[in-house]
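J.: Here's a structure for you.
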Amino acid sequence: MSAAQPPKPTWTGRVREAAVEALPPEKLLPDGQPTYVASWIYIFGVASIAALVVIIGSGVILSLKGPAWWHYTGIGHFINSIHLWAVELFFFAMVVHLWGKYWMAAWRGGRTRVWITGAVTFLVAVPTALTGYVSQQNFDAQWISTQAKDGLNSVGVGAFFNVTNFGQMYSYHVFLLPLAVVGLVAAHVLLVRRHGVVPPFELDRTALATRLPQAGGPPPAVPVGEPPSARTEVTS
Amino acid sequence: MIVLAAVFNLNHPAHVVEWHFIQLSVANLIVIALMLVVFALAITLPFPGAHARAIARRTGGDPE
């Protein structure tokens, strides 16, 4: 009888080990954030997510009740308005978040994928909103869809997207595009957890200066933008 | 029966601002201006408790 063999690696085990290695629990759900995150400019990312939660919640109710309900009942008007204004807030917060991250060069320190997933989320959110406007089932939707039709035809994609087709646009709006937005936001947040919130420039320079070798020596091994310790002095 | 009228009279075409080929509605311009104001305030206004947290981090104490 042979000695006990080590268990054969399974794909689920490999996925688990890769996931834990990439994002250990203390990084996925940290107890705190670096001190420099205590600034108003850092709240617009989570404000966007809060608005997205309201959008999805109100959207689910609207899709369950249908166009007649949201056009002809008081509560329908109310939920419809909640949905619209949550979208306005979502874009408002997302644009301020984008400006803030652009001016702090948030792609520093190996955060390229964080930046790209955020930018692509913004780009996908635009047609998600457009398909909502053309799915209203009113004159506003007719006006917007006929204008959008000309725009899409002018760039050569009119054969793929018929914005005057309610069924097609509604499917895009309530399933395909929201799925993409939520997936991208989830990836974005997980990448932020993995790489940490980008530090301010001043803190970045301070952290780099402590790692610089003597004059004439080799360049530092740590790339610019590597997150400094949470106990690094804050420049605010 | 209309119980509440709109705060603003919306029963007219949108007001627009035109400059060469650029055409923006006044409503959109107001939103863009608001975003700029909020952005400026976000990077200038102090965050509540930020100073206390920074001191606590340096001294190893409890920020609360």
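Please note that chains go A, B, ... in the order of the structure tokens, that every chain numbers its residues from 1, and that ligands are numbered from 1 in the order shown.
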Contacts from chain A to chain B, 6 Å maximum, only C-alpha atoms: show me the residue list as a VMD selection string.
T.: chain A and resid 38 to 41 96 231
J.: As a list in words, please: the residues near A:Phe122 (cut-off 9 Å, only C-alpha atoms, same-chain neighbours under 3 positions excluded).
T.: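 Surrounding residues, per the criterion: Phe91, Met94, Val95, Leu98, Thr117, Gly118, Ala119, Ala125, Val126 and Val181 of chain A.
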J.: Any idea what's packed within 9 Å of stretch 142-156 of chain A, counting only C-alpha atoms, ignoring anything in its chain fewer than 5 positions away? Could you give it as a PyMOL selection string?
T.: chain A and resi 130-131+133-137+161-165
J.: Mind listing the strand (DSSP E) residues of stretch 6-46 of chain B, per DSSP on the backbone, as a compact mmCIF listing (two decimals) with N, CA and C atoms, in the first residue's frame?
T.:
# COMPACT_ATOMS: atom_id res chain seq x y z
N VAL B 16 -31.27 78.03 -25.36
CA VAL B 16 -29.95 77.49 -25.73
C VAL B 16 -28.95 78.63 -25.90
N VAL B 17 -27.68 78.28 -25.70
CA VAL B 17 -26.57 79.21 -25.92
C VAL B 17 -25.80 78.70 -27.13
N GLU B 18 -25.57 79.56 -28.10
CA GLU B 18 -24.87 79.14 -29.31
C GLU B 18 -23.57 79.91 -29.44
N TRP B 19 -22.52 79.19 -29.81
CA TRP B 19 -21.23 79.83 -30.06
C TRP B 19 -20.57 79.04 -31.18
N ILE B 22 -20.98 75.24 -31.50
CA ILE B 22 -21.35 74.69 -30.18
C ILE B 22 -22.73 75.19 -29.79
N GLN B 23 -23.60 74.27 -29.39
CA GLN B 23 -24.95 74.63 -28.98
C GLN B 23 -25.29 73.87 -27.69
N LEU B 24 -25.48 74.62 -26.63
CA LEU B 24 -25.76 74.00 -25.33
C LEU B 24 -27.02 74.59 -24.75
N SER B 25 -27.83 73.72 -24.13
CA SER B 25 -29.00 74.26 -23.46
C SER B 25 -28.55 74.94 -22.17
J.: Could you list, as a list in words, every residue within 7 Å of A:Ala47, counting only C-alpha atoms and ignoring same-chain residues fewer than 4 positions away?
T.: Ile43, Ala51 and Ala93 of chain A
J.: Can you tell me, as a count of residues only, what residues are no more than 7 Å from stretch 72-89 of chain A when counting only C-alpha atoms, ignoring any on the same chain fewer than 6 positions away?
T.: 5
J.: Please give the complete set of residues from chain B that DSSP, run on the backbone, assigns to helix (DSSP H, G or I), formatted as a ChimeraX atom specification.
T.: /B:26-44,50-59
J.: Between A:Val189, A:Val174, A:Phe90, A:Thr128, which has the minimum distance to A:Gly66 (counting only C-alpha atoms)?
T.: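 So, comparing all the options, the nearest one is A:Val174.
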J.: To one decimal in Å, tell me the separation between atom CA of A:His71 and atom CA of B:Ala14.
T.: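 Taking atom CA of A:His71 and atom CA of B:Ala14, their separation equals 22.5 Å.
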J.: Please compute the atom CA of A:Phe175-atom CA of A:Leu52 distance, one decimal, in Å.
T.: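 One can read the atom CA of A:Phe175 to atom CA of A:Leu52 distance as 14.5 Å.
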